There are 2 protein chains.
Amino acid sequence: MSATPSPAFLDTLADLLGPRGFTTAPADLAPWLTDWRGRITGAAAALLSPADAAETQAIVRLAAEAGVPLVPQGGNTSMVAGATPDASGHALIVSTRRMRAIRSLSPDDNVAVAEAGVILADLHDAAEAQGRRFPLSLAAKGSATIGGLVSTNAGGTQVLRFGTMRALVLGIEAVLPSGGLFDGLSALRKDNRGYDLRQLLAGAEGTLGIVTAASLRLVPAAAARSVAWVGLDDTEAALTLLRRIEARLGDTIESFEIVPAEALRLVLAHVHGTRAPLAGAHPWNLLIEATAPEGAADPRDALTAVLGDAIEAGLVQDATVAASEAQADALWKLRESVSEAERVDGVAAKHDVALPVSAMPRFLVAGADTVERRFPGVRVLAFGHLGDGNVHFNVRAPLGADDRAWLAAEGAAISAFVHDLVGVEGGSLSAEHGIGQTKLAEFVRTASPARLGALRAIKAALDPAGIMNPGKLLP
Amino acid sequence: MSATPSPAFLDTLADLLGPRGFTTAPADLAPWLTDWRGRITGAAAALLSPADAAETQAIVRLAAEAGVPLVPQGGNTSMVAGATPDASGHALIVSTRRMRAIRSLSPDDNVAVAEAGVILADLHDAAEAQGRRFPLSLAAKGSATIGGLVSTNAGGTQVLRFGTMRALVLGIEAVLPSGGLFDGLSALRKDNRGYDLRQLLAGAEGTLGIVTAASLRLVPAAAARSVAWVGLDDTEAALTLLRRIEARLGDTIESFEIVPAEALRLVLAHVHGTRAPLAGAHPWNLLIEATAPEGAADPRDALTAVLGDAIEAGLVQDATVAASEAQADALWKLRESVSEAERVDGVAAKHDVALPVSAMPRFLVAGADTVERRFPGVRVLAFGHLGDGNVHFNVRAPLGADDRAWLAAEGAAISAFVHDLVGVEGGSLSAEHGIGQTKLAEFVRTASPARLGALRAIKAALDPAGIMNPGKLLP
C-alpha cells in the first residue's frame, strides 16, 4: 500500500526543488490529472518538475524511502491513461517539462541527445535545421515528449521503414527505482554488455524508472517524397501491392496506410477543407509514401510505374500520385483526419491491435464480419498502418443507439471479443498505445502465465517498493 | 552452490530423452567441452540434446528442482567461452543440435521461423532458394546456430545497414528458468504489451533461459552488389568518406570496413591466393559494399562516382571497384583473412571494442599510440567495422618475445588499460562478442553500480535457483 505524503516530506521536496520545481496549487495540478482522451481523472499530492537527472534522483530516493508513489509524465498524451495518477491522491506527478534541452545534435553522427521533456515537434525542427530528420511522427507531436515516446515505445506513420521508437533509441539516461542513474547515453551501434537495459526501459511505461534523456538516431532529410492515394476493391490486393512496391522501391517506402470507404466518407463529411482524392468511391483506399534522400533517385517514377502496372493488371482500380507538396499534404490530411471525423460522428469501442502482416487482409474483412455478427448493429471501422500489421479496429455504436450508454453497457464485452479474435491469430491487443490503466485488465486476462510471471518478477526485482507508476502495465 | 547430478537424476533424464538425446560418453562430450578459441576446457556430467521445446521444458524443470546447472550450447562458436561449462563437472550441456527445423519461410511476409539449432549457413541457403536473404553473416556461419546468434546478439559484416541480431529478431520462443514456455514467436512488427522479453532474451547469453526458436526478418535478395577497395592516408578521411557515401547511396551501403596497412601485409604474406588490390601500399584501406534489390538501381555507378570525386578532392588516394563477382570475393577475402593471418603471425591480446562512430578515427590512431607508449614494443593492429563504431583492437606481442609467456604476463594489464581507454570515450568493452567467461572480470570491474545492480536483480528475479549458464555474463 502506498502512503499519503506527509507535510514534512512535501516540505523536503519543496526545499529541494524550489518554487519552479514544486507546486501543490490545485490550478497548477489540474491540467495533469486527466488523461488525454478525457476518460480518467486522478489526484496527486504535488506536481514535481525536476530541473535535471540529479534532482530526479533525489526525488526517487526520497520517495523510495517514504514509499510514496511517483507518476512520471511527459506531454500527457497517453492513449491508455498511462500518465494519470489514481484517485487516492497519494501520488506525486514527476513532470519532465523542465528537462527540455537538446544537449547535442550531430549531423555527422546522425545522433541527437535530447532530454526527456523535449517536445517531438521541436526535435523535428532542430533536426531539419541541420539537414537531418528524426523519423518518427504522430498526431500528438506538438505535445508528446521524448521521454514519453521512449517509455511507450511510440509508433506512428513511419514505422514501416524506420521501426518504432525502440529501433531509434541509441542510448538512454534514466533514474532507476533505486535512485541510481543508468548512464547509457553513449550512442553505440553495438554494445553486448549484458541485458539491454535500454530496451527494457523503452516501452516500460515508467514502471521501471524515469527516462531523463535519450540518444536518438537521425536520418538524412528527405529531399524528395512521393505520396499516392489508391482505390481498390479488396484487402488481399492491398498486401500484394505492398509486396510489389517493396520489391521495386526497396527501403524508400515509409508509409502504407489503409482507409476503408466509410472512414473516407466520414472525413469528407466532417472535416473542413477535404475533398475526394479519386473520381469514384472504392471499398478500400491506400495512402502510400516513399521518400529519398539528397542524391538518390526520386521515388516518384518508380511509384507511378508500379501503380500503373497494378491498375493494368486489375490489382487496384484507381490511383493518383500527388503532383505537389500541397497535394501530398492534402492526401495525408485525409488519412490523419480519420480519428477526428470518427469522433465527431459518435463513440466507438477502440482497439489498437497488431497481427502478422500476412494475416491482416483477412482479419480486416472476416474479423469485422465476425464482430458485426456477434454484436448486431455495431459498425466496425478499421484503418491504419497496414504495412506494420497494425490497425485501429474501432467498433462504433449501432445507428440510433444512445452512444454513452451503449459504450458503458457493451464496451467491455466487445473489447474482450476483439482481443480474443486477435489472440487466436497470434496478435497483440496493444500495437502502439501500450497498456497503461485502460488496457490493464484485458492484458492480464489474455497474457500467458510465463509472460506475466516474467514481467512481474522483473518489476519486483527493479522496483521492490513499487513506487514507479503503480497500477500501470502490471496490477 | 550447484550440486553434482545424482545417478538417479541422470537416469530420469536418460529415460526422458532417449539415446539420441542423452549421453555421458566421454567421446561424445569431448568436442563440446572446449571453447572455440581453445582457451578454456570444462567438464559436464552429461550432454542433453532435447528434440523440441517440450523436452527442453522438462529438462529445465528437473534441473531447477535439483539445483543442477545447465549450459545451453549451439554451435559452440562463442569468442568468450560463453557456452563452455566450468571445471566442476556438475553442469549438463543442453545442445540445441536436434532442434534444426526451419518451421516456415515466407517470402511474402519476409519472415523465417527457425529452430535454435539451425545453422546460419543453412538459413542463408533456404532464404536464397526463395529469393530472399537473411542479412546477418559472420565467419563462423558454417557452425553458428540461430539460438546462439540470438542469445549473443551477434553482429557481423552487415550491421551498418541491417543492425545486429537484436534488430532482426521478430519473435522468440524460449524456455524460461521456471520451465515455463515464453511463446513469443508471432512476428509482430509492433507489440507494446509490456517489457520486451524478446529483447531481454536476445543477448542474455543463455543466462535467462534457453531460446528454442526465433522468427527472423528476411529481406529481398540482393540483385546487384558493388564492392570497392580504397587506399587512404588517414582515418578521419575514412569517416568523411562514409558520410558522403551514406548521403549519396542511402541505405544501400552494407559494409564499411577498415584494414590497416600492416593487416593487409600479413594477409598477403600468410594467406594463399591473395594479392594486393591496389598498385601501391596505403596506411589505411577500406572495404565498402553496397547492394540493391531487384529492380532498384545498381549501386555501382553511384559508388564509382563518389570514389572518383573523393580521389579528385584528395580525400582518398586510390580505389578500385570490383568488376566481377570473383573480384568482389577476392576483396572480401582480404578482409576476412585478417584474423587468420594475424594468428599465423603470433599471439595478441584481443579486444572487441565499440565507440561512438565519430570517436573512432581518432581512437584508431591516438588509442593505438597510447597503448604502444604504455607497453613498449607491443604492436596494435586495429581493424573491422568502422561504420558500426566497432573495431577489433588487437595488441600483438613485441617482436622476438616469447608469445605465450608475454600474453600470460602482460595480457590482463593490457586489456584493463585498453578497456579503460574505451570507457573514457563512453565506449563498450564488448561490441559483438558478449561477456561470457573471458570478459567477466573486466565487465564487473568497469560496469557502473546502477547497471550491474539492475542486471543482477533481473537475473535473480528470473533465475532464482541460478541454474541457467552460471558463471557467464554475471558472477
# chains A, B, ... in the order shown; residues from 1 in each chain; ligands from 1
>>> residues_around(residues="stretch 42-53 of chain A", least_positions_apart="6", cutoff="7 Å", atoms="only C-alpha atoms", output="list of chain:residue names")
A:Leu17, A:Gly21, A:Phe22, A:Thr23, A:Thr24, A:Leu29, A:Leu33, A:Thr34, A:Thr84, A:Pro85, A:Asp86, A:Ala87, A:Ser88, A:Gly89, A:His90, A:Ala91, A:Leu92, A:Ile93, A:Val94, A:Ser95, A:Thr96, A:Arg97, A:Arg98, A:Met99, A:Thr212
>>> write_last_selection(atoms="N, CA, C and O atoms", output="mmCIF file, in the first residue's frame")
data_model
loop_
_atom_site.group_PDB
_atom_site.id
_atom_site.type_symbol
_atom_site.label_atom_id
_atom_site.label_comp_id
_atom_site.auth_asym_id
_atom_site.auth_seq_id
_atom_site.Cartn_x
_atom_site.Cartn_y
_atom_site.Cartn_z
ATOM 1 N N LEU A 17 13.470 21.320 -4.571
ATOM 2 C CA LEU A 17 13.170 21.661 -5.967
ATOM 3 C C LEU A 17 12.938 23.150 -6.197
ATOM 4 O O LEU A 17 12.978 23.611 -7.334
ATOM 5 N N GLY A 21 10.081 24.100 -9.282
ATOM 6 C CA GLY A 21 10.059 22.639 -9.397
ATOM 7 C C GLY A 21 9.040 21.961 -8.510
ATOM 8 O O GLY A 21 8.920 20.734 -8.537
ATOM 9 N N PHE A 22 8.307 22.737 -7.721
ATOM 10 C CA PHE A 22 7.378 22.119 -6.761
ATOM 11 C C PHE A 22 6.122 22.950 -6.649
ATOM 12 O O PHE A 22 6.183 24.168 -6.452
ATOM 13 N N THR A 23 4.972 22.315 -6.770
ATOM 14 C CA THR A 23 3.709 23.013 -6.509
ATOM 15 C C THR A 23 2.650 22.036 -6.022
ATOM 16 O O THR A 23 2.652 20.867 -6.425
ATOM 17 N N THR A 24 1.803 22.550 -5.136
ATOM 18 C CA THR A 24 0.631 21.778 -4.728
ATOM 19 C C THR A 24 -0.644 22.539 -5.085
ATOM 20 O O THR A 24 -1.736 22.097 -4.737
ATOM 21 N N LEU A 29 -1.968 21.826 -10.778
ATOM 22 C CA LEU A 29 -2.057 20.372 -10.965
ATOM 23 C C LEU A 29 -3.142 19.965 -11.957
ATOM 24 O O LEU A 29 -2.975 18.962 -12.683
ATOM 25 N N LEU A 33 -4.051 15.995 -14.373
ATOM 26 C CA LEU A 33 -4.735 14.943 -13.613
ATOM 27 C C LEU A 33 -5.719 14.139 -14.450
ATOM 28 O O LEU A 33 -6.209 13.101 -14.009
ATOM 29 N N THR A 34 -6.006 14.649 -15.649
ATOM 30 C CA THR A 34 -6.952 13.948 -16.520
ATOM 31 C C THR A 34 -6.213 13.466 -17.762
ATOM 32 O O THR A 34 -5.353 14.171 -18.299
ATOM 33 N N THR A 84 -1.585 9.077 -15.838
ATOM 34 C CA THR A 84 -2.587 9.674 -14.959
ATOM 35 C C THR A 84 -2.557 8.971 -13.600
ATOM 36 O O THR A 84 -2.643 7.742 -13.544
ATOM 37 N N PRO A 85 -2.428 9.726 -12.517
ATOM 38 C CA PRO A 85 -2.382 9.093 -11.199
ATOM 39 C C PRO A 85 -3.738 8.496 -10.814
ATOM 40 O O PRO A 85 -4.759 8.855 -11.398
ATOM 41 N N ASP A 86 -3.727 7.624 -9.821
ATOM 42 C CA ASP A 86 -5.001 7.082 -9.344
ATOM 43 C C ASP A 86 -5.715 8.127 -8.473
ATOM 44 O O ASP A 86 -5.235 9.253 -8.301
ATOM 45 N N ALA A 87 -6.854 7.753 -7.958
ATOM 46 C CA ALA A 87 -7.702 8.732 -7.270
ATOM 47 C C ALA A 87 -7.319 8.953 -5.804
ATOM 48 O O ALA A 87 -7.879 9.834 -5.137
ATOM 49 N N SER A 88 -6.349 8.165 -5.319
ATOM 50 C CA SER A 88 -6.042 8.229 -3.885
ATOM 51 C C SER A 88 -5.456 9.575 -3.462
ATOM 52 O O SER A 88 -5.589 9.986 -2.319
ATOM 53 N N GLY A 89 -4.791 10.236 -4.403
ATOM 54 C CA GLY A 89 -4.112 11.473 -4.053
ATOM 55 C C GLY A 89 -2.774 11.257 -3.350
ATOM 56 O O GLY A 89 -2.115 12.212 -2.932
ATOM 57 N N HIS A 90 -2.338 10.020 -3.259
ATOM 58 C CA HIS A 90 -1.047 9.727 -2.627
ATOM 59 C C HIS A 90 0.132 10.061 -3.540
ATOM 60 O O HIS A 90 1.238 10.305 -3.067
ATOM 61 N N ALA A 91 -0.115 10.032 -4.822
ATOM 62 C CA ALA A 91 0.994 10.078 -5.775
ATOM 63 C C ALA A 91 1.534 11.491 -5.980
ATOM 64 O O ALA A 91 0.852 12.500 -5.770
ATOM 65 N N LEU A 92 2.782 11.530 -6.409
ATOM 66 C CA LEU A 92 3.407 12.757 -6.870
ATOM 67 C C LEU A 92 3.610 12.621 -8.381
ATOM 68 O O LEU A 92 4.133 11.610 -8.851
ATOM 69 N N ILE A 93 3.174 13.621 -9.109
ATOM 70 C CA ILE A 93 3.470 13.630 -10.539
ATOM 71 C C ILE A 93 4.890 14.169 -10.731
ATOM 72 O O ILE A 93 5.247 15.207 -10.161
ATOM 73 N N VAL A 94 5.689 13.442 -11.488
ATOM 74 C CA VAL A 94 7.035 13.917 -11.819
ATOM 75 C C VAL A 94 7.030 14.324 -13.283
ATOM 76 O O VAL A 94 7.064 13.473 -14.172
ATOM 77 N N SER A 95 6.940 15.613 -13.503
ATOM 78 C CA SER A 95 6.896 16.123 -14.875
ATOM 79 C C SER A 95 8.310 16.358 -15.383
ATOM 80 O O SER A 95 9.170 16.874 -14.670
ATOM 81 N N THR A 96 8.521 16.003 -16.655
ATOM 82 C CA THR A 96 9.849 16.212 -17.247
ATOM 83 C C THR A 96 9.917 17.549 -17.976
ATOM 84 O O THR A 96 10.888 17.815 -18.677
ATOM 85 N N ARG A 97 8.898 18.400 -17.777
ATOM 86 C CA ARG A 97 8.782 19.579 -18.656
ATOM 87 C C ARG A 97 9.952 20.549 -18.563
ATOM 88 O O ARG A 97 10.158 21.331 -19.489
ATOM 89 N N ARG A 98 10.690 20.532 -17.453
ATOM 90 C CA ARG A 98 11.841 21.451 -17.354
ATOM 91 C C ARG A 98 13.118 20.866 -17.954
ATOM 92 O O ARG A 98 14.113 21.578 -18.112
ATOM 93 N N MET A 99 13.095 19.592 -18.236
ATOM 94 C CA MET A 99 14.284 18.972 -18.858
ATOM 95 C C MET A 99 14.056 18.963 -20.359
ATOM 96 O O MET A 99 13.671 17.953 -20.932
ATOM 97 N N THR A 212 15.386 10.222 -18.373
ATOM 98 C CA THR A 212 15.684 11.653 -18.313
ATOM 99 C C THR A 212 16.294 12.206 -19.607
ATOM 100 O O THR A 212 16.289 13.411 -19.823
#
>>> residues_around(residues="A:Gly295", least_positions_apart="6", cutoff="8 Å", atoms="only C-alpha atoms", output="PyMOL selection string")
chain B and resi 247-249
>>> residues_around(residues="A:Ala465", least_positions_apart="6", cutoff="10 Å", atoms="only C-alpha atoms", output="PyMOL selection string")
chain A and resi 1-2+63-69+177-178+459
>>> write_last_selection(atoms="all heavy atoms", output="CSV table (one decimal), in the first residue's frame")
chain,number,residue,atom,x,y,z
A,1,MET,N,0.8,-1.2,0.0
A,1,MET,CA,0.0,0.0,0.0
A,1,MET,C,0.9,1.3,0.0
A,1,MET,O,1.9,1.3,0.7
A,1,MET,CB,-0.9,0.0,1.3
A,1,MET,CG,-1.9,-1.1,1.3
A,1,MET,SD,-3.1,-0.9,-0.1
A,1,MET,CE,-3.9,0.6,0.3
A,2,SER,N,0.5,2.2,-0.8
A,2,SER,CA,1.2,3.5,-0.8
A,2,SER,C,0.8,4.3,0.4
A,2,SER,O,-0.3,4.1,1.0
A,2,SER,CB,1.0,4.2,-2.1
A,2,SER,OG,-0.4,4.5,-2.2
A,63,ALA,N,11.3,9.3,-2.3
A,63,ALA,CA,10.0,8.6,-2.5
A,63,ALA,C,10.2,7.1,-2.1
A,63,ALA,O,9.3,6.5,-1.5
A,63,ALA,CB,9.5,8.8,-3.9
A,64,ALA,N,11.3,6.5,-2.5
A,64,ALA,CA,11.5,5.1,-2.2
A,64,ALA,C,11.6,4.9,-0.7
A,64,ALA,O,11.0,3.9,-0.2
A,64,ALA,CB,12.8,4.6,-2.9
A,65,GLU,N,12.2,5.8,-0.1
A,65,GLU,CA,12.4,5.7,1.4
A,65,GLU,C,11.0,5.8,2.1
A,65,GLU,O,10.7,5.1,3.0
A,65,GLU,CB,13.3,6.9,1.9
A,65,GLU,CG,14.1,6.6,3.1
A,65,GLU,CD,15.0,7.8,3.3
A,65,GLU,OE1,16.1,7.9,2.7
A,65,GLU,OE2,14.6,8.7,4.0
A,66,ALA,N,10.2,6.7,1.6
A,66,ALA,CA,8.9,7.0,2.2
A,66,ALA,C,7.8,6.1,1.6
A,66,ALA,O,6.7,6.2,2.2
A,66,ALA,CB,8.6,8.5,2.0
A,67,GLY,N,8.1,5.4,0.6
A,67,GLY,CA,7.0,4.6,0.0
A,67,GLY,C,6.0,5.4,-0.7
A,67,GLY,O,4.8,5.0,-0.8
A,68,VAL,N,6.3,6.5,-1.2
A,68,VAL,CA,5.4,7.4,-1.9
A,68,VAL,C,5.4,7.1,-3.4
A,68,VAL,O,6.5,7.1,-4.0
A,68,VAL,CB,5.7,8.9,-1.7
A,68,VAL,CG1,4.9,9.8,-2.6
A,68,VAL,CG2,5.5,9.2,-0.2
A,69,PRO,N,4.3,6.9,-4.1
A,69,PRO,CA,4.3,6.6,-5.5
A,69,PRO,C,4.6,7.8,-6.4
A,69,PRO,O,4.2,8.9,-6.1
A,69,PRO,CB,2.8,6.1,-5.8
A,69,PRO,CG,2.0,6.5,-4.6
A,69,PRO,CD,2.9,6.7,-3.4
A,177,PRO,N,14.6,2.9,-10.1
A,177,PRO,CA,13.8,3.0,-8.8
A,177,PRO,C,14.6,3.0,-7.6
A,177,PRO,O,14.2,3.4,-6.5
A,177,PRO,CB,12.9,1.7,-8.9
A,177,PRO,CG,12.8,1.4,-10.3
A,177,PRO,CD,14.1,1.7,-10.9
A,178,SER,N,15.9,2.5,-7.7
A,178,SER,CA,16.8,2.6,-6.5
A,178,SER,C,17.3,4.0,-6.3
A,178,SER,O,17.9,4.3,-5.3
A,178,SER,CB,18.0,1.7,-6.8
A,178,SER,OG,18.7,2.2,-8.0
A,459,LYS,N,9.6,-6.5,-12.6
A,459,LYS,CA,9.1,-5.3,-11.9
A,459,LYS,C,9.5,-5.4,-10.4
A,459,LYS,O,10.0,-4.4,-9.8
A,459,LYS,CB,7.6,-5.2,-12.0
A,459,LYS,CG,6.9,-4.2,-11.1
A,459,LYS,CD,7.2,-2.8,-11.5
A,459,LYS,CE,6.3,-1.8,-10.7
A,459,LYS,NZ,6.7,-0.4,-10.9
>>> residues_around(residues="A:Ala127", least_positions_apart="2", cutoff="9 Å", atoms="only C-alpha atoms", output="PDB file with N, CA and C atoms, in the first residue's frame")
ATOM      1  N   LEU A 105      23.270  17.742 -31.189  1.00  0.00           N
ATOM      2  CA  LEU A 105      22.648  17.244 -32.419  1.00  0.00           C
ATOM      3  C   LEU A 105      23.735  17.241 -33.471  1.00  0.00           C
ATOM      4  N   SER A 106      24.210  16.055 -33.774  1.00  0.00           N
ATOM      5  CA  SER A 106      25.332  15.949 -34.695  1.00  0.00           C
ATOM      6  C   SER A 106      24.879  15.390 -36.029  1.00  0.00           C
ATOM      7  N   PRO A 107      24.867  16.245 -37.053  1.00  0.00           N
ATOM      8  CA  PRO A 107      24.506  15.711 -38.373  1.00  0.00           C
ATOM      9  C   PRO A 107      25.533  14.712 -38.890  1.00  0.00           C
ATOM     10  N   ALA A 112      21.067  12.677 -32.133  1.00  0.00           N
ATOM     11  CA  ALA A 112      20.662  13.785 -31.271  1.00  0.00           C
ATOM     12  C   ALA A 112      20.544  13.263 -29.848  1.00  0.00           C
ATOM     13  N   ASP A 122       9.602  19.936 -31.687  1.00  0.00           N
ATOM     14  CA  ASP A 122      10.824  20.742 -31.539  1.00  0.00           C
ATOM     15  C   ASP A 122      12.055  19.960 -32.005  1.00  0.00           C
ATOM     16  N   LEU A 123      12.060  18.679 -31.715  1.00  0.00           N
ATOM     17  CA  LEU A 123      13.176  17.861 -32.205  1.00  0.00           C
ATOM     18  C   LEU A 123      13.143  17.775 -33.729  1.00  0.00           C
ATOM     19  N   HIS A 124      11.956  17.620 -34.285  1.00  0.00           N
ATOM     20  CA  HIS A 124      11.842  17.628 -35.754  1.00  0.00           C
ATOM     21  C   HIS A 124      12.464  18.898 -36.339  1.00  0.00           C
ATOM     22  N   ASP A 125      12.102  20.032 -35.753  1.00  0.00           N
ATOM     23  CA  ASP A 125      12.605  21.309 -36.263  1.00  0.00           C
ATOM     24  C   ASP A 125      14.120  21.405 -36.128  1.00  0.00           C
ATOM     25  N   ALA A 129      16.795  21.729 -39.258  1.00  0.00           N
ATOM     26  CA  ALA A 129      17.701  22.869 -39.399  1.00  0.00           C
ATOM     27  C   ALA A 129      19.125  22.420 -39.727  1.00  0.00           C
ATOM     28  N   GLN A 130      19.421  21.154 -39.461  1.00  0.00           N
ATOM     29  CA  GLN A 130      20.759  20.625 -39.737  1.00  0.00           C
ATOM     30  C   GLN A 130      20.753  19.652 -40.909  1.00  0.00           C
ATOM     31  N   GLY A 131      19.688  19.674 -41.698  1.00  0.00           N
ATOM     32  CA  GLY A 131      19.645  18.770 -42.853  1.00  0.00           C
ATOM     33  C   GLY A 131      19.391  17.322 -42.494  1.00  0.00           C
ATOM     34  N   ARG A 132      18.808  17.107 -41.331  1.00  0.00           N
ATOM     35  CA  ARG A 132      18.513  15.748 -40.887  1.00  0.00           C
ATOM     36  C   ARG A 132      17.045  15.662 -40.495  1.00  0.00           C
ATOM     37  N   ARG A 133      16.598  14.453 -40.241  1.00  0.00           N
ATOM     38  CA  ARG A 133      15.278  14.359 -39.633  1.00  0.00           C
ATOM     39  C   ARG A 133      15.250  13.244 -38.616  1.00  0.00           C
ATOM     40  N   PHE A 134      14.343  13.388 -37.674  1.00  0.00           N
ATOM     41  CA  PHE A 134      14.098  12.318 -36.711  1.00  0.00           C
ATOM     42  C   PHE A 134      12.855  11.593 -37.213  1.00  0.00           C
ATOM     43  N   LEU A 218      19.179   9.857 -36.074  1.00  0.00           N
ATOM     44  CA  LEU A 218      18.666  10.746 -37.113  1.00  0.00           C
ATOM     45  C   LEU A 218      18.944  10.117 -38.478  1.00  0.00           C
ATOM     46  N   ALA A 221      17.773  14.203 -44.258  1.00  0.00           N
ATOM     47  CA  ALA A 221      16.492  14.800 -44.622  1.00  0.00           C
ATOM     48  C   ALA A 221      16.019  14.197 -45.941  1.00  0.00           C
TER      49      ALA A 221
END
>>> residues_around(residues="stretch 352-359 of chain A", least_positions_apart="6", cutoff="9 Å", atoms="only C-alpha atoms", output="PDB file with C-alpha atoms, in the first residue's frame")
ATOM      1  CA  LEU A 239      -0.988  -6.688 -49.430  1.00  0.00           C
ATOM      2  CA  LEU A 386      -1.403  -1.995 -42.814  1.00  0.00           C
ATOM      3  CA  GLY A 387       2.293  -2.263 -43.635  1.00  0.00           C
ATOM      4  CA  ASP A 388       3.087  -2.674 -39.939  1.00  0.00           C
ATOM      5  CA  GLY A 389       0.313  -5.170 -39.281  1.00  0.00           C
ATOM      6  CA  ASN A 390      -1.324  -2.604 -37.021  1.00  0.00           C
ATOM      7  CA  VAL A 391      -4.851  -1.295 -37.393  1.00  0.00           C
ATOM      8  CA  HIS A 392      -7.081   0.738 -35.209  1.00  0.00           C
ATOM      9  CA  PHE A 393     -10.048  -1.587 -35.028  1.00  0.00           C
ATOM     10  CA  ASN A 394     -12.882   0.581 -33.826  1.00  0.00           C
ATOM     11  CA  VAL A 418     -11.970  -8.430 -30.304  1.00  0.00           C
ATOM     12  CA  HIS A 419      -8.895  -9.199 -28.219  1.00  0.00           C
ATOM     13  CA  VAL A 422      -6.656 -11.136 -32.228  1.00  0.00           C
ATOM     14  CA  GLY A 423      -5.151 -13.614 -29.780  1.00  0.00           C
ATOM     15  CA  GLU A 425      -4.103 -15.042 -34.767  1.00  0.00           C
ATOM     16  CA  GLY A 426      -1.069 -14.670 -32.515  1.00  0.00           C
ATOM     17  CA  GLY A 427      -1.628 -10.920 -32.409  1.00  0.00           C
ATOM     18  CA  SER A 428      -1.321  -8.243 -29.767  1.00  0.00           C
ATOM     19  CA  LEU A 429      -4.026  -6.205 -28.052  1.00  0.00           C
ATOM     20  CA  SER A 430      -1.654  -3.286 -27.933  1.00  0.00           C
ATOM     21  CA  ALA A 431       0.341  -2.490 -31.039  1.00  0.00           C
ATOM     22  CA  GLU A 432       1.483   1.019 -30.216  1.00  0.00           C
ATOM     23  CA  HIS A 433      -0.557   2.550 -27.391  1.00  0.00           C
TER      24      HIS A 433
ATOM     25  CA  ASP B 108       5.676 -12.799 -48.865  1.00  0.00           C
ATOM     26  CA  ASP B 109       5.964 -11.959 -45.179  1.00  0.00           C
ATOM     27  CA  SER B 186       4.443 -14.209 -33.519  1.00  0.00           C
ATOM     28  CA  ALA B 187       6.255 -11.950 -35.932  1.00  0.00           C
ATOM     29  CA  LEU B 188       4.533  -8.727 -34.971  1.00  0.00           C
ATOM     30  CA  ARG B 189       6.093  -5.517 -36.225  1.00  0.00           C
ATOM     31  CA  LYS B 190       4.528  -3.697 -33.295  1.00  0.00           C
ATOM     32  CA  ASP B 191       3.689  -5.090 -29.880  1.00  0.00           C
TER      33      ASP B 191
END
>>> residues_around(residues="A:Glu340", least_positions_apart="5", cutoff="10 Å", atoms="only C-alpha atoms", output="list in words")
Leu266, Val267, His270, Val271 and Asp345 of chain A
>>> select_by_dssp(residues="stretch 340-457 of chain A", states="helix (DSSP H, G or I)", output="VMD selection string")
chain A and resid 340 to 345 357 to 374 386 to 388 403 to 424 440 to 446 449 to 457
>>> atom_distance(atom1="atom CA of B:Ala237", atom2="atom CA of A:Ile102")
28.1 Å
>>> closest_residue(among="B:Ala14, B:Ala281, B:Ala292, B:Val344", to="chain A", atoms="only C-alpha atoms")
B:Ala292
>>> closest_residue(among="B:Val113, B:Ala81, B:Leu287, B:Leu232", to="B:Ala330", atoms="only C-alpha atoms")
B:Leu287
>>> residues_around(residues="stretch 251-263 of chain A", least_positions_apart="4", cutoff="7 Å", atoms="only C-alpha atoms", output="ChimeraX atom specification")
/A:157-158,160-161,246,267,281-292,338,381,383-387
>>> select_by_dssp(residues="stretch 187-366 of chain A", states="strand (DSSP E)", output="PyMOL selection string")
chain A and resi 210-217+219-220+222-232+253-260+284-293+318-321+348-349+352-354
>>> atom_distance(atom1="atom CA of B:Ala368", atom2="atom CA of B:Leu268")
22.7 Å
>>> closest_residue(among="A:Asp309, A:Asp318, A:Glu236, A:Glu294", to="chain B", atoms="only C-alpha atoms")
A:Glu294
>>> atom_distance(atom1="atom CA of A:Met79", atom2="atom CA of A:Arg373")
27.9 Å
>>> closest_residue(among="A:Asp35, A:Glu55, A:Asp369, A:Asp298", to="chain B", atoms="only C-alpha atoms")
A:Asp298
>>> closest_residue(among="A:Ala58, A:Ala401, A:Leu216, A:Ala460", to="chain B", atoms="only C-alpha atoms")
A:Ala460
>>> closest_residue(among="A:Ala3, A:Val306, A:Leu462, A:Val444", to="chain B", atoms="only C-alpha atoms")
A:Leu462
